[in-house]
Number of protein chains: 2
Amino acid sequence: MPVLVMKFGGTSVATLDRIRRAAKRVGVEVAKGYDVIVIVSAMSGKTNELVGWVNETSPFYDAREYDAVVSSGENVTAGLMALTLQEMDIPARSWQGWQVPVKTTSSHSAARIEDIPPANIMNKFAEGMKVAVVAGFQGVSPEGRITTLGRGGSDTTAVAFAAAFDAERCDIYTDVDGVYTTDPRICDKARKLDRIAFEEMLELASLGAKVLQTRSVELAMRYKVKLRVLSSFEEQSDEAGTLVCDEEDIMESKVVAGVAYSRDEAKLTLLSVADRPGIAAAIFTALSEAKVNVDMIVQNISEEGRTDMTFSCPTDQVARAEKALAEAKSKEVLNFSEVVADTGVCKVSVVGIGMRSHTGVAAKMFRVLSQEAINIKVITTSEIKISVLIDRKYMELAVQALHDAFDLDKAA
Amino acid sequence: MPVLVMKFGGTSVATLDRIRRAAKRVGVEVAKGYDVIVIVSAMSGKTNELVGWVNETSPFYDAREYDAVVSSGENVTAGLMALTLQEMDIPARSWQGWQVPVKTTSSHSAARIEDIPPANIMNKFAEGMKVAVVAGFQGVSPEGRITTLGRGGSDTTAVAFAAAFDAERCDIYTDVDGVYTTDPRICDKARKLDRIAFEEMLELASLGAKVLQTRSVELAMRYKVKLRVLSSFEEQSDEAGTLVCDEEDIMESKVVAGVAYSRDEAKLTLLSVADRPGIAAAIFTALSEAKVNVDMIVQNISEEGRTDMTFSCPTDQVARAEKALAEAKSKEVLNFSEVVADTGVCKVSVVGIGMRSHTGVAAKMFRVLSQEAINIKVITTSEIKISVLIDRKYMELAVQALHDAFDLDKAA
């Protein structure tokens, strides 16, 4: 039998009624002849409650105990989903991470899946079981302790199972009905995409479109897992949602697939840094040790042996970044005159694999922003993406103007 | 290091504050030099919530999935307790049933512990860990699935660990401060016992005194585990609570140790049953197959080849019992004229190992009840217990009168 992986997020299993609705969707796929692996998250709110208890108990907690506690929410949903399917006369059972087993590294709370031996579940499929319900987000370390994959890790669990079981597709059921050209909440012309390439999805995911966890897209790209994002709140056809797939599977595509944004960005500039080899390494080593997630980096033109260095990071890491830089300066690892922080910026990006072969996308983007009198503070580019840092108050305007300019409201 | 087992019930770990208070008690024992095994229940209310979800999802649930779901509450408490101890600088870690492993039979929701290999936990003690926090109530079947021991099973977990680790004592922390001569809520002269024999505790437990689960007392008796019941809400000395121990360890004991009662009893009488060999077997096989918990059984004197058969069972099983008997009659497995049910009765018992060597206890009990004009409907006796079925409205009166008559308000 072909295997299908279906993943239901926290809002899709938030109540017993919603679990029943999800189970019905599973029943539709079973009726088509699939052996189905269902990956479930915890009922929405449960994981936050557990995380809250851990933080209140122990602010600098032992991550092994954190994992033992927070993984329990998925176990509950897995059992309830299996029972719901049984009530529908569909042979099903639940599996916790250690039972499959989902073998991970020992990096508690941020573990990576190393192996999912399919034998146990495949044997049950051979015996007539139709659905294996697996608790997402969790695994077991070589030491036999429970691990978790980090927040949103159930998407990664789902893709890893699809790869391990050579599944025909991995369907991610969520509270939106697919991937959009941009966020419909700030641009009413946003249009659902039928297909999007892995590379584009990866850029959108890491740029703040919260539909899929970045790691799950990376994994899907590496193992060529066909990934579909669709809503658990609507009746679904085989063509529903958005298929995340290989570039070759997209017949016609636009130069730009979508406009992404990230609201809580900050821009920090180190003024008058000594311009000598190793200085960038010194700066970003200090920041990395302080666990500051640096995103964009720009170095200004050097004058008389001094330069300015600008970078961006999430707003809530600015204090940590300033402290790390001040310490590095006091230890004479670094030399600069001052740090200027601008916490009122945001990042807006256009993404599309078509940029590889089309020129002029950047020029068009800058022209559109200029026509709206939006000042660009930092620019970075990759092969398939152009990002700019602008004042946060222009965010919606910029997204809407770019969406219009690249005709994203019209199908390819 | 000597090993101590400490068990905290649901009310003792109901909030993060209570978990902290329990952890402080654990700290006191660690400071005395013990390696401590802490057995925890789920936070009070959690297991009921999970059971409710399972019942709503699937009224005739798969017990394997029930176990997978309801065992999760203990996992949360175990992790939080380990974190709390770590915050107090006490080396601790949590263990789920399958990690120890607590090996059980495959009788899901009513599994029996078969083996607890101590090696994993002892190795950690040897490495310097001071406290192993174990999720109570759960284990793992030979098939690798999660099992539970039935409600109240954490007491059994605690005693089984005390036996497996040859613990010096097993302390059961609960919301009462020990075992009483009778229920203080219905007899204000009830007195806390310093010590009670296993056999007596067993009779009290099975007669409705809900301090300890019956199976845990049986297990303690078999493996000679010193069991102490004490309150988690008071400062405790080494002599606090009630020690459940071997008869030989009780210096002076009274003939009667306590008065127990069970409120929701029903009396059923089959009138005019053919008095021939095998008839009792036929009746009680039919009831057993209908899962009726028959307690007391009395057969009247036979007249002309017919007899009356009386038995008691919990009130909520009367309908099931009547149905089973009617079916047996219709299949001609049984023959009787009618079933008379009396659902307004209760059971009152006096318990004491002293009865073995003292005569006259039964006579005294009947005399006391007679002086209060309480009619006795059924009598059963064991070596160390006399039970009577009486009208429920006399229950408090009977308990108080017997408590007075046997001087239970005075120490031995």
# chains A, B, ... in the order shown; residues from 1 in each chain; ligands from 1
>>> residues_around(residues="stretch 320-337 of chain B", least_positions_apart="6", cutoff="6 Å", atoms="only C-alpha atoms", output="ChimeraX atom specification")
/B:271-273
>>> write_last_selection(atoms="all heavy atoms", output="PDB file, in the first residue's frame")
ATOM      1  N   LEU B 271     -34.768 -16.105  46.498  1.00  0.00           N
ATOM      2  CA  LEU B 271     -35.683 -16.918  47.291  1.00  0.00           C
ATOM      3  C   LEU B 271     -35.914 -18.266  46.619  1.00  0.00           C
ATOM      4  O   LEU B 271     -35.967 -18.348  45.388  1.00  0.00           O
ATOM      5  CB  LEU B 271     -37.023 -16.191  47.459  1.00  0.00           C
ATOM      6  CG  LEU B 271     -36.956 -14.855  48.210  1.00  0.00           C
ATOM      7  CD1 LEU B 271     -38.340 -14.209  48.254  1.00  0.00           C
ATOM      8  CD2 LEU B 271     -36.414 -15.047  49.614  1.00  0.00           C
ATOM      9  N   SER B 272     -35.995 -19.264  47.479  1.00  0.00           N
ATOM     10  CA  SER B 272     -36.371 -20.612  47.045  1.00  0.00           C
ATOM     11  C   SER B 272     -35.506 -21.147  45.904  1.00  0.00           C
ATOM     12  O   SER B 272     -35.974 -21.470  44.812  1.00  0.00           O
ATOM     13  CB  SER B 272     -37.858 -20.619  46.642  1.00  0.00           C
ATOM     14  OG  SER B 272     -38.305 -21.943  46.479  1.00  0.00           O
ATOM     15  N   VAL B 273     -34.243 -21.259  46.215  1.00  0.00           N
ATOM     16  CA  VAL B 273     -33.286 -21.825  45.262  1.00  0.00           C
ATOM     17  C   VAL B 273     -33.211 -23.331  45.514  1.00  0.00           C
ATOM     18  O   VAL B 273     -33.231 -23.756  46.668  1.00  0.00           O
ATOM     19  CB  VAL B 273     -31.885 -21.203  45.480  1.00  0.00           C
ATOM     20  CG1 VAL B 273     -30.879 -21.761  44.499  1.00  0.00           C
ATOM     21  CG2 VAL B 273     -31.961 -19.690  45.400  1.00  0.00           C
TER      22      VAL B 273
END
>>> closest_atom_pairs(of="chain A", to="chain B", cutoff="7 Å", atoms="only C-alpha atoms", output="tab-separated table")
residue	atom	partner	partner_atom	distance
A:Leu16	CA	B:Thr57	CA	7.0
A:Val54	CA	B:Leu80	CA	6.5
A:Thr57	CA	B:Thr84	CA	5.9
A:Ser58	CA	B:Leu83	CA	6.1
A:Tyr61	CA	B:Leu83	CA	6.7
A:Asp62	CA	B:Leu83	CA	6.9
A:Glu65	CA	B:Gly79	CA	5.1
A:Ala68	CA	B:Gly79	CA	6.0
A:Val69	CA	B:Val76	CA	4.7
A:Ser72	CA	B:Ser72	CA	5.7
A:Asn75	CA	B:Val69	CA	6.4
A:Val76	CA	B:Val69	CA	4.7
A:Gly79	CA	B:Glu65	CA	5.1
A:Leu80	CA	B:Val54	CA	6.5
A:Leu83	CA	B:Ser58	CA	6.1
A:Thr84	CA	B:Thr57	CA	5.9
A:Glu87	CA	B:Ser58	CA	6.3
A:Ser94	CA	B:Glu65	CA	6.9
>>> residues_around(residues="stretch 392-401 of chain A", least_positions_apart="3", cutoff="10 Å", atoms="only C-alpha atoms", output="NGL selection string")
:A and (182-183 or 185-190 or 258-266 or 343-350 or 365 or 368-375 or 389 or 404-407)
>>> atom_distance(atom1="atom CA of B:Thr359", atom2="atom CA of B:Met221")
25.5 Å
>>> atom_distance(atom1="atom CA of B:Arg191", atom2="atom CA of B:Ala22")
25.4 Å
>>> select_by_dssp(residues="stretch 89-171 of chain A", states="alpha helix (DSSP H)", output="PyMOL selection string")
chain A and resi 119-126+153-164
>>> residues_around(residues="A:Ala257", least_positions_apart="4", cutoff="7 Å", atoms="only C-alpha atoms", output="ChimeraX atom specification")
/A:181,351-352
>>> atom_distance(atom1="atom CA of A:Phe233", atom2="atom CA of A:Arg25")
10.1 Å
>>> select_by_dssp(residues="stretch 104-300 of chain B", states="strand (DSSP E or B)", output="VMD selection string")
chain B and resid 104 113 to 115 131 to 135 138 to 140 146 to 148 169 to 174 180 192 195 to 197 227 to 231 242 to 245 258 to 274 297 to 299
>>> closest_residue(among="B:Asn293, B:Thr285, B:Ser109, B:Ser312", to="B:Thr269", atoms="only C-alpha atoms")
B:Ser312
>>> residues_around(residues="B:Ile384", least_positions_apart="3", cutoff="9 Å", atoms="only C-alpha atoms", output="PyMOL selection string")
chain B and resi 199-200+203+256+350-356+381
>>> write_last_selection(atoms="all heavy atoms", output="mmCIF file, in the first residue's frame")
data_model
loop_
_atom_site.group_PDB
_atom_site.id
_atom_site.type_symbol
_atom_site.label_atom_id
_atom_site.label_comp_id
_atom_site.auth_asym_id
_atom_site.auth_seq_id
_atom_site.Cartn_x
_atom_site.Cartn_y
_atom_site.Cartn_z
ATOM 1 N N GLU B 199 -2.034 -7.025 58.256
ATOM 2 C CA GLU B 199 -3.305 -7.744 58.101
ATOM 3 C C GLU B 199 -4.477 -6.823 58.432
ATOM 4 O O GLU B 199 -5.505 -6.844 57.766
ATOM 5 C CB GLU B 199 -3.346 -8.965 59.015
ATOM 6 C CG GLU B 199 -2.388 -10.079 58.637
ATOM 7 C CD GLU B 199 -1.010 -9.887 59.251
ATOM 8 O OE1 GLU B 199 -0.689 -8.759 59.722
ATOM 9 O OE2 GLU B 199 -0.235 -10.852 59.265
ATOM 10 N N GLU B 200 -4.303 -6.041 59.489
ATOM 11 C CA GLU B 200 -5.369 -5.121 59.888
ATOM 12 C C GLU B 200 -5.566 -4.043 58.821
ATOM 13 O O GLU B 200 -6.687 -3.703 58.435
ATOM 14 C CB GLU B 200 -5.026 -4.463 61.227
ATOM 15 C CG GLU B 200 -5.064 -5.437 62.400
ATOM 16 C CD GLU B 200 -4.488 -4.845 63.679
ATOM 17 O OE1 GLU B 200 -3.663 -3.909 63.596
ATOM 18 O OE2 GLU B 200 -4.854 -5.333 64.764
ATOM 19 N N GLU B 203 -7.460 -5.328 55.875
ATOM 20 C CA GLU B 203 -8.910 -5.408 56.097
ATOM 21 C C GLU B 203 -9.514 -4.006 56.055
ATOM 22 O O GLU B 203 -10.560 -3.792 55.464
ATOM 23 C CB GLU B 203 -9.234 -6.084 57.444
ATOM 24 C CG GLU B 203 -8.891 -7.560 57.508
ATOM 25 C CD GLU B 203 -9.857 -8.426 56.690
ATOM 26 O OE1 GLU B 203 -10.765 -7.868 56.062
ATOM 27 O OE2 GLU B 203 -9.675 -9.654 56.671
ATOM 28 N N VAL B 256 -9.173 -4.972 69.229
ATOM 29 C CA VAL B 256 -9.739 -4.357 68.038
ATOM 30 C C VAL B 256 -8.912 -3.116 67.677
ATOM 31 O O VAL B 256 -8.654 -2.268 68.535
ATOM 32 C CB VAL B 256 -11.215 -3.960 68.270
ATOM 33 C CG1 VAL B 256 -11.734 -3.103 67.124
ATOM 34 C CG2 VAL B 256 -12.071 -5.212 68.414
ATOM 35 N N VAL B 350 -15.537 -4.529 62.548
ATOM 36 C CA VAL B 350 -14.455 -4.292 63.507
ATOM 37 C C VAL B 350 -13.301 -5.193 63.081
ATOM 38 O O VAL B 350 -13.511 -6.327 62.663
ATOM 39 C CB VAL B 350 -14.868 -4.557 64.972
ATOM 40 C CG1 VAL B 350 -15.974 -3.598 65.390
ATOM 41 C CG2 VAL B 350 -15.278 -5.989 65.191
ATOM 42 N N VAL B 351 -12.093 -4.646 63.174
ATOM 43 C CA VAL B 351 -10.902 -5.318 62.669
ATOM 44 C C VAL B 351 -9.838 -5.321 63.750
ATOM 45 O O VAL B 351 -9.634 -4.296 64.418
ATOM 46 C CB VAL B 351 -10.350 -4.569 61.437
ATOM 47 C CG1 VAL B 351 -9.020 -5.149 60.994
ATOM 48 C CG2 VAL B 351 -11.360 -4.585 60.301
ATOM 49 N N GLY B 352 -9.160 -6.438 63.931
ATOM 50 C CA GLY B 352 -8.052 -6.476 64.892
ATOM 51 C C GLY B 352 -7.391 -7.834 64.924
ATOM 52 O O GLY B 352 -8.073 -8.860 64.980
ATOM 53 N N ILE B 353 -6.054 -7.854 64.880
ATOM 54 C CA ILE B 353 -5.381 -9.159 64.929
ATOM 55 C C ILE B 353 -5.538 -9.804 66.292
ATOM 56 O O ILE B 353 -5.394 -11.013 66.436
ATOM 57 C CB ILE B 353 -3.876 -9.071 64.580
ATOM 58 C CG1 ILE B 353 -3.233 -7.860 65.240
ATOM 59 C CG2 ILE B 353 -3.663 -9.049 63.083
ATOM 60 C CD1 ILE B 353 -1.742 -7.795 65.046
ATOM 61 N N GLY B 354 -5.841 -8.985 67.304
ATOM 62 C CA GLY B 354 -6.059 -9.531 68.651
ATOM 63 C C GLY B 354 -7.207 -10.538 68.717
ATOM 64 O O GLY B 354 -7.233 -11.399 69.604
ATOM 65 N N MET B 355 -8.110 -10.447 67.781
ATOM 66 C CA MET B 355 -9.250 -11.382 67.769
ATOM 67 C C MET B 355 -8.826 -12.833 67.662
ATOM 68 O O MET B 355 -9.540 -13.724 68.085
ATOM 69 C CB MET B 355 -10.141 -11.086 66.560
ATOM 70 C CG MET B 355 -10.966 -9.841 66.695
ATOM 71 S SD MET B 355 -12.079 -9.765 65.273
ATOM 72 C CE MET B 355 -12.190 -7.999 65.107
ATOM 73 N N ARG B 356 -7.669 -13.032 67.046
ATOM 74 C CA ARG B 356 -7.176 -14.400 66.897
ATOM 75 C C ARG B 356 -7.056 -15.103 68.238
ATOM 76 O O ARG B 356 -7.332 -16.282 68.358
ATOM 77 C CB ARG B 356 -5.780 -14.384 66.247
ATOM 78 C CG ARG B 356 -5.794 -14.117 64.783
ATOM 79 C CD ARG B 356 -4.428 -14.523 64.218
ATOM 80 N NE ARG B 356 -4.249 -13.936 62.896
ATOM 81 C CZ ARG B 356 -3.216 -13.158 62.555
ATOM 82 N NH1 ARG B 356 -2.283 -12.873 63.456
ATOM 83 N NH2 ARG B 356 -3.120 -12.676 61.355
ATOM 84 N N THR B 381 -17.519 -13.283 59.016
ATOM 85 C CA THR B 381 -16.352 -13.139 59.878
ATOM 86 C C THR B 381 -15.129 -13.688 59.170
ATOM 87 O O THR B 381 -15.240 -14.541 58.297
ATOM 88 C CB THR B 381 -16.532 -13.930 61.192
ATOM 89 O OG1 THR B 381 -16.729 -15.306 60.854
ATOM 90 C CG2 THR B 381 -17.702 -13.424 61.995
#
>>> closest_residue(among="A:Val361, A:Val388, A:Leu268, A:Ala281", to="A:Ala341", atoms="only C-alpha atoms")
A:Leu268
>>> closest_residue(among="A:Met122, A:Val176, A:Leu149, A:Ile90", to="A:Met1", atoms="only C-alpha atoms")
A:Met122
>>> residues_around(residues="B:Asp246", least_positions_apart="4", cutoff="12 Å", atoms="only C-alpha atoms", output="list in words")
Arg195, Ile196, Ala197, Phe198, Glu199, Glu200, Met201, Val217, Ala220, Met221, Arg222, Tyr223, Lys224, Val225, Lys226, Leu227, Ile250, Met251 and Ile353 of chain B
>>> write_last_selection(atoms="N, CA, C and O atoms", output="compact mmCIF listing (two decimals), in the first residue's frame")
# COMPACT_ATOMS: atom_id res chain seq x y z
N ARG B 195 0.87 2.64 65.08
CA ARG B 195 1.25 1.46 64.30
C ARG B 195 0.01 0.62 64.02
O ARG B 195 -0.93 0.61 64.81
N ILE B 196 0.06 -0.09 62.92
CA ILE B 196 -1.02 -1.02 62.61
C ILE B 196 -0.40 -2.19 61.85
O ILE B 196 0.57 -2.00 61.10
N ALA B 197 -0.91 -3.38 62.08
CA ALA B 197 -0.36 -4.57 61.40
C ALA B 197 -0.85 -4.61 59.96
O ALA B 197 -1.94 -4.14 59.65
N PHE B 198 -0.03 -5.20 59.08
CA PHE B 198 -0.40 -5.33 57.67
C PHE B 198 -1.79 -5.93 57.51
O PHE B 198 -2.61 -5.45 56.73
N GLU B 199 -2.03 -7.03 58.26
CA GLU B 199 -3.31 -7.74 58.10
C GLU B 199 -4.48 -6.82 58.43
O GLU B 199 -5.51 -6.84 57.77
N GLU B 200 -4.30 -6.04 59.49
CA GLU B 200 -5.37 -5.12 59.89
C GLU B 200 -5.57 -4.04 58.82
O GLU B 200 -6.69 -3.70 58.43
N MET B 201 -4.46 -3.50 58.34
CA MET B 201 -4.54 -2.44 57.32
C MET B 201 -5.23 -2.97 56.07
O MET B 201 -6.01 -2.28 55.43
N VAL B 217 -0.90 -2.69 50.04
CA VAL B 217 -0.72 -3.27 51.38
C VAL B 217 -0.38 -4.76 51.26
O VAL B 217 0.51 -5.27 51.96
N ALA B 220 3.19 -4.96 50.29
CA ALA B 220 4.05 -4.60 51.42
C ALA B 220 4.14 -5.77 52.40
O ALA B 220 5.21 -6.08 52.94
N MET B 221 3.03 -6.42 52.63
CA MET B 221 3.01 -7.55 53.56
C MET B 221 3.87 -8.68 53.03
O MET B 221 4.68 -9.25 53.74
N ARG B 222 3.70 -8.96 51.73
CA ARG B 222 4.43 -10.09 51.16
C ARG B 222 5.94 -9.84 51.20
O ARG B 222 6.72 -10.73 51.49
N TYR B 223 6.36 -8.61 50.90
CA TYR B 223 7.79 -8.33 50.83
C TYR B 223 8.32 -7.66 52.10
O TYR B 223 9.43 -7.17 52.11
N LYS B 224 7.51 -7.62 53.13
CA LYS B 224 7.93 -7.05 54.42
C LYS B 224 8.46 -5.62 54.27
O LYS B 224 9.51 -5.26 54.80
N VAL B 225 7.74 -4.84 53.50
CA VAL B 225 8.12 -3.43 53.33
C VAL B 225 7.48 -2.62 54.45
O VAL B 225 6.27 -2.67 54.63
N LYS B 226 8.29 -1.90 55.22
CA LYS B 226 7.73 -1.01 56.24
C LYS B 226 7.09 0.18 55.56
O LYS B 226 7.76 0.93 54.85
N LEU B 227 5.81 0.34 55.81
CA LEU B 227 5.03 1.32 55.08
C LEU B 227 4.58 2.38 56.07
O LEU B 227 4.03 2.04 57.13
N ILE B 250 4.66 -4.58 66.68
CA ILE B 250 3.71 -3.80 67.49
C ILE B 250 3.76 -4.34 68.91
O ILE B 250 3.38 -5.48 69.17
N MET B 251 4.29 -3.52 69.82
CA MET B 251 4.55 -3.99 71.20
C MET B 251 3.25 -4.39 71.87
O MET B 251 3.04 -5.52 72.28
N ILE B 353 -6.05 -7.85 64.88
CA ILE B 353 -5.38 -9.16 64.93
C ILE B 353 -5.54 -9.80 66.29
O ILE B 353 -5.39 -11.01 66.44
>>> closest_residue(among="A:Ala160, A:Ser216, A:Val36, A:Glu338", to="A:Gly128", atoms="only C-alpha atoms")
A:Val36
